Structures are given as structure tokens and as C-alpha cells.
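Student: Contents of coords_15.txt (compact mmCIF, C-alpha atoms) are below:
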# COMPACT_ATOMS: atom_id res chain seq x y z
CA MET A 1 4.70 -67.80 78.90
CA ARG A 2 4.39 -68.54 82.42
CA ARG A 3 6.51 -70.88 84.41
CA SER A 4 5.04 -73.17 86.93
CA ALA A 5 6.48 -73.59 90.33
CA VAL A 6 8.22 -76.67 89.15
CA GLY A 7 9.93 -74.75 86.37
CA ARG A 8 8.18 -76.12 83.41
CA PRO A 9 6.64 -73.83 81.01
CA GLN A 10 2.90 -73.88 80.98
CA SER A 11 0.98 -73.73 77.77
CA PRO A 12 -1.10 -70.68 77.17
CA PRO A 13 -4.70 -70.95 78.07
CA ALA A 14 -6.77 -72.25 75.22
CA LEU A 15 -8.53 -69.70 73.26
CA VAL A 16 -12.15 -70.21 72.86
CA ARG A 17 -13.25 -69.81 69.34
CA ALA A 18 -16.58 -68.44 68.46
CA PRO A 19 -18.67 -70.68 66.35
CA LEU A 20 -18.62 -69.82 62.63
CA GLU A 21 -21.73 -68.53 61.02
CA VAL A 22 -22.69 -67.79 57.44
CA VAL A 23 -22.70 -64.10 56.85
CA PRO A 24 -25.27 -62.65 54.52
CA PRO A 25 -23.72 -61.26 51.30
CA TYR A 26 -22.56 -57.61 51.38
CA ALA A 27 -25.42 -55.44 50.40
CA ARG A 28 -24.26 -52.72 48.03
CA THR A 29 -25.69 -49.39 48.75
CA HIS A 30 -26.39 -47.43 45.62
CA THR A 31 -24.23 -44.33 45.22
CA ARG A 32 -26.06 -41.11 44.79
CA PRO A 33 -26.77 -40.59 41.12
CA ALA A 34 -27.03 -36.84 41.65
CA PHE A 35 -23.33 -36.60 42.53
CA ALA A 36 -22.29 -38.52 39.42
CA VAL A 37 -24.53 -36.33 37.26
CA PHE A 38 -23.03 -33.24 38.90
CA VAL A 39 -19.46 -34.37 38.22
CA VAL A 40 -20.27 -35.18 34.57
CA ALA A 41 -22.05 -31.81 34.17
CA VAL A 42 -19.06 -29.92 35.62
CA MET A 43 -16.68 -31.74 33.28
CA ALA A 44 -18.93 -31.08 30.29
CA ALA A 45 -19.25 -27.39 31.21
CA GLY A 46 -15.47 -27.14 31.54
CA LEU A 47 -14.97 -28.69 28.11
CA VAL A 48 -17.56 -26.39 26.54
CA GLY A 49 -15.93 -23.40 28.25
CA LEU A 50 -12.51 -24.40 26.93
CA LEU A 51 -13.95 -24.85 23.46
CA LEU A 52 -15.56 -21.39 23.56
CA LEU A 53 -12.35 -19.84 24.87
CA ASN A 54 -10.38 -21.49 22.07
CA ILE A 55 -12.86 -20.19 19.46
CA ARG A 56 -12.63 -16.65 20.86
CA MET A 57 -8.83 -16.78 20.84
CA GLN A 58 -8.82 -17.97 17.23
CA ASN A 59 -11.18 -15.15 16.22
CA ALA A 60 -8.99 -12.64 18.05
CA ALA A 61 -5.93 -14.01 16.23
CA PHE A 62 -7.65 -13.52 12.86
CA VAL A 63 -8.68 -9.97 13.79
CA LEU A 64 -5.13 -9.24 14.95
CA ALA A 65 -3.68 -10.57 11.69
CA ARG A 66 -6.13 -8.46 9.68
CA LEU A 67 -5.32 -5.34 11.73
CA ASP A 68 -1.57 -6.00 11.36
CA ALA A 69 -1.98 -6.19 7.59
CA GLN A 70 -4.04 -3.00 7.62
CA ALA A 71 -1.42 -1.25 9.77
CA GLN A 72 1.30 -2.36 7.36
CA ASP A 73 -0.70 -1.02 4.41
CA LEU A 74 -1.26 2.27 6.21
CA HIS A 75 2.45 2.48 7.06
CA VAL A 76 3.35 2.00 3.39
CA ARG A 77 0.77 4.63 2.41
CA GLN A 78 2.14 7.05 5.02
CA GLN A 79 5.66 6.59 3.67
CA ALA A 80 4.44 7.25 0.13
CA LEU A 81 2.61 10.38 1.30
CA ASP A 82 5.70 11.55 3.19
CA LEU A 83 7.74 11.15 0.03
CA GLU A 84 5.10 13.09 -1.91
CA VAL A 85 5.14 15.89 0.67
CA ASP A 86 8.93 16.02 0.53
CA ARG A 87 8.83 16.14 -3.25
CA LEU A 88 6.17 18.84 -3.37
CA GLY A 89 7.83 20.89 -0.63
CA GLY A 90 11.30 20.72 -2.12
CA PRO A 91 13.13 23.63 -3.69
CA GLU A 92 12.65 22.30 -7.21
CA GLU A 93 8.87 22.27 -6.89
CA LEU A 94 8.89 25.67 -5.22
CA ALA A 95 11.01 27.09 -8.08
CA ARG A 96 8.65 25.53 -10.63
CA LYS A 97 5.59 27.04 -8.94
CA ALA A 98 7.27 30.43 -8.63
CA SER A 99 8.25 30.36 -12.31
CA ALA A 100 4.69 29.37 -13.24
CA GLN A 101 3.41 32.46 -11.41
CA GLY A 102 5.81 34.73 -13.30
CA MET A 103 8.46 35.07 -10.62
CA VAL A 104 12.11 35.26 -11.65
CA PRO A 105 15.18 34.41 -9.57
CA ASN A 106 17.07 37.32 -8.04
CA THR A 107 20.82 37.15 -8.63
CA ASN A 108 21.48 39.97 -6.18
CA PRO A 109 20.02 39.00 -2.79
CA VAL A 110 19.79 41.55 -0.01
CA PHE A 111 19.88 40.75 3.70
CA LEU A 112 18.54 42.44 6.80
CA ASP A 113 20.80 42.31 9.84
CA MET A 114 18.45 42.49 12.79
CA SER A 115 21.30 42.48 15.32
CA ARG A 116 22.43 45.87 13.94
CA GLY A 117 19.02 47.49 14.12
CA GLY A 118 17.67 46.19 10.81
CA THR A 119 20.43 47.47 8.55
CA VAL A 120 20.28 46.44 4.91
CA ILE A 121 23.29 44.50 3.66
CA GLY A 122 23.66 44.67 -0.11
CA THR A 123 22.11 46.82 -2.80
CA PRO A 124 18.48 46.05 -3.58
CA THR A 125 17.82 45.76 -7.32
CA PRO A 126 14.72 44.33 -8.96
CA ALA A 127 15.08 40.91 -10.55
CA GLN A 128 15.03 40.88 -14.33
CA ALA A 129 13.43 38.16 -16.41
CA GLY A 130 16.06 36.15 -18.28
CA SER A 131 18.85 36.99 -15.84
CA GLY A 132 20.33 34.61 -13.34
CA LEU A 133 20.52 30.87 -13.33
CA THR A 134 17.32 30.03 -15.15
CA ALA A 135 18.86 26.96 -16.77
CA PHE A 136 17.97 24.90 -13.68
CA LEU A 137 14.30 25.85 -13.75
CA PRO A 138 11.90 23.79 -15.81
CA ALA A 139 10.51 25.45 -18.88
CA VAL A 140 7.19 26.88 -17.70
CA GLU A 141 5.29 29.66 -19.35
CA PRO A 142 4.96 32.52 -16.85
CA ALA A 143 1.50 33.63 -15.79
CA ARG A 144 0.11 36.51 -17.83
CA GLN A 145 -2.14 38.12 -15.23
CA PRO A 146 -2.30 37.71 -11.48
CA ARG A 147 -5.27 35.87 -10.10
CA ALA A 148 -8.09 37.84 -8.58
CA GLU A 149 -8.64 35.18 -5.89
CA PRO A 150 -6.16 34.92 -3.02
CA GLU A 151 -4.02 31.80 -2.95
CA PRO A 152 -4.67 29.36 -0.10
CA LYS A 153 -2.04 29.55 2.61
CA SER A 154 0.63 26.90 2.27
CA SER A 155 2.46 25.15 5.07
CA GLU A 156 5.78 26.10 3.42
CA PRO A 157 7.23 29.26 4.99
CA ASP A 158 8.33 30.79 1.64
CA ALA A 159 5.38 29.73 -0.51
CA GLY A 160 3.09 32.43 -1.89
CA ARG A 161 5.03 35.47 -0.64
CA GLY A 162 6.25 37.10 -3.81
CA PRO A 163 9.68 37.71 -5.32
CA GLN A 164 11.43 38.39 -2.00
CA GLY A 165 10.26 35.10 -0.53
CA GLY A 166 11.10 33.13 -3.68
CA PRO A 167 13.99 30.69 -3.95
CA SER A 168 17.45 31.98 -4.55
CA GLN A 169 19.63 30.19 -7.01
CA GLY A 170 22.71 30.21 -4.82
CA GLY A 171 21.48 27.38 -2.60
CA PRO A 172 20.43 27.46 1.03
CA SER A 173 23.31 29.73 2.05
CA GLN A 174 21.79 32.69 0.16
CA GLY A 175 18.19 32.39 1.21
CA GLY A 176 15.98 29.53 0.16
CA ARG A 177 14.84 27.34 3.06
CA SER A 178 17.28 28.47 5.73
CA GLY A 179 15.72 31.90 6.12
CA GLY A 180 18.23 33.90 4.10
CA GLN A 181 20.47 34.93 6.98
CA SER A 182 23.35 32.48 6.76
CA GLY A 183 24.83 33.76 3.48
CA GLY A 184 25.39 37.40 4.38
CA PRO A 185 28.01 38.95 6.64
CA ARG A 186 27.08 39.37 10.30
So, in terms of C-alpha cells, how does the structure I just supplied come out?
Tutor:
Amino acid sequence: MRRSAVGRPQSPPALVRAPLEVVPPYARTHTRPAFAVFVVAVMAAGLVGLLLLNIRMQNAAFVLARLDAQAQDLHVRQQALDLEVDRLGGPEELARKASAQGMVPNTNPVFLDMSRGGTVIGTPTPAQAGSGLTAFLPAVEPARQPRAEPEPKSSEPDAGRGPQGGPSQGGPSQGGRSGGQSGGPR
């Protein structure tokens, strides 16, 4: 506000108003329908993609469950086969097979001391049928004649070697599976 020379406040100059006119109504411009169609198409493609991804994941989950069950079955089968291998490779089965081929247990084992130049420890005597601890062997009729065909090689180190490689009845300390060196003097 301005003050006049007399000190009275002067009123602001009058504002001139523009005359009012009627404005035409706001004309709506149409939005581009292509953009709306594009947005809807992108959303629909995203939903279809999510649906396909979900279906694939469900199928993969079913395959995984089936493969887990198959792996469990195979694990059980492997354990059963391992038990069968242990049973068939055990000393009892080896003694039974040896007895079935006409072998007899040797009650007088002999050892070779390789650290002393291959010296023989003990007195070698042939095993006699009916001697030794035959009470632990199953009753099997011995073979009458040897086979003309060679036996297939076994994975057991003592299998199919003859009377010297057969099981001893004194346990692992006198031959058997430990190689026959731990029972004799060194």
C-alpha cells in the first residue's frame, strides 16, 4: 500500500476484470487403443507364462518324486545284494563249496616265512578225510570225479585253488581269509 503525501493510505488501483465468456465443453481426446491392447496383451502373456512355468514345475516335482522312489528301491536292492554277496563270500559258504568239491580241512597247516627266504614253518602232511573239525561243515556229499571243464574265476582270493587254499578250521589266525600268515611264528 502506498501512502499519499498527506499520509493517508491509498487504495490499490482497481483491477480490471476481463469479461466472462462461456467456454466450450472440454473435448476428450480418445486414448490410443493400441496402447491399451498392448498392455492387456503383455499382462495376458505374463499370466500364460506363469501358468506354463507352474505346470512345468509340477511335472518336474512328479518326476523327482518318481526318481526318488526308484532310487530308494534301488538302494534297498543294493543292500539286499550286498548282504547276498557277504553271505556267499563268507567262510561258511566257502567251506560248504570246498566240501562239495571233495576237499577236506587240514588240521596241520604249514606256513611260508617269506622274510626268512621262504622257509617252511611246520611239517606238511596231507589232509585226511574224516579228520579235523568236520562237525562245523554242513553235510554235503563230496564230488566223485573232478570236472573236465575249468571253474570260472571267482572274486574271492581263496576260491577254486585246491586244498592249500581252502579254509582252515582254526579261524582267521591260521589261514582262512587273512592270508595264512598271522597264525605262525615270525
Student: Give me, please, the distance in Å between CA of Val39 (chain A) and CA of Gln58 (chain A), quoted to one decimal.
Tutor: 28.7 Å
Student: Just the number, please: distance in Å from CA of Gly102 (chain A) to CA of Leu81 (chain A), one decimal.
Tutor: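 Separating CA of Gly102 (chain A) from CA of Leu81 (chain A) is a distance of 28.6 Å.
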Student: Near Ala129 (chain A), within 9 Å and counting only C-alpha atoms, which residues show up once chain neighbours fewer than 6 positions away are dropped, as a PDB file with C-alpha atoms, in the frame of the given file?
Tutor:
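Full text of selection_12.pdb as output:
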ATOM      1  CA  GLY A 102       5.810  34.730 -13.300  1.00  0.00           C
ATOM      2  CA  MET A 103       8.460  35.070 -10.620  1.00  0.00           C
ATOM      3  CA  VAL A 104      12.110  35.260 -11.650  1.00  0.00           C
ATOM      4  CA  PRO A 105      15.180  34.410  -9.570  1.00  0.00           C
TER       5      PRO A 105
END
Student: State, in Å with one decimal place, the distance from CA of Pro91 (chain A) to CA of Asn106 (chain A).
Tutor: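 Straight-line distance from CA of Pro91 (chain A) to CA of Asn106 (chain A) works out to 14.9 Å.
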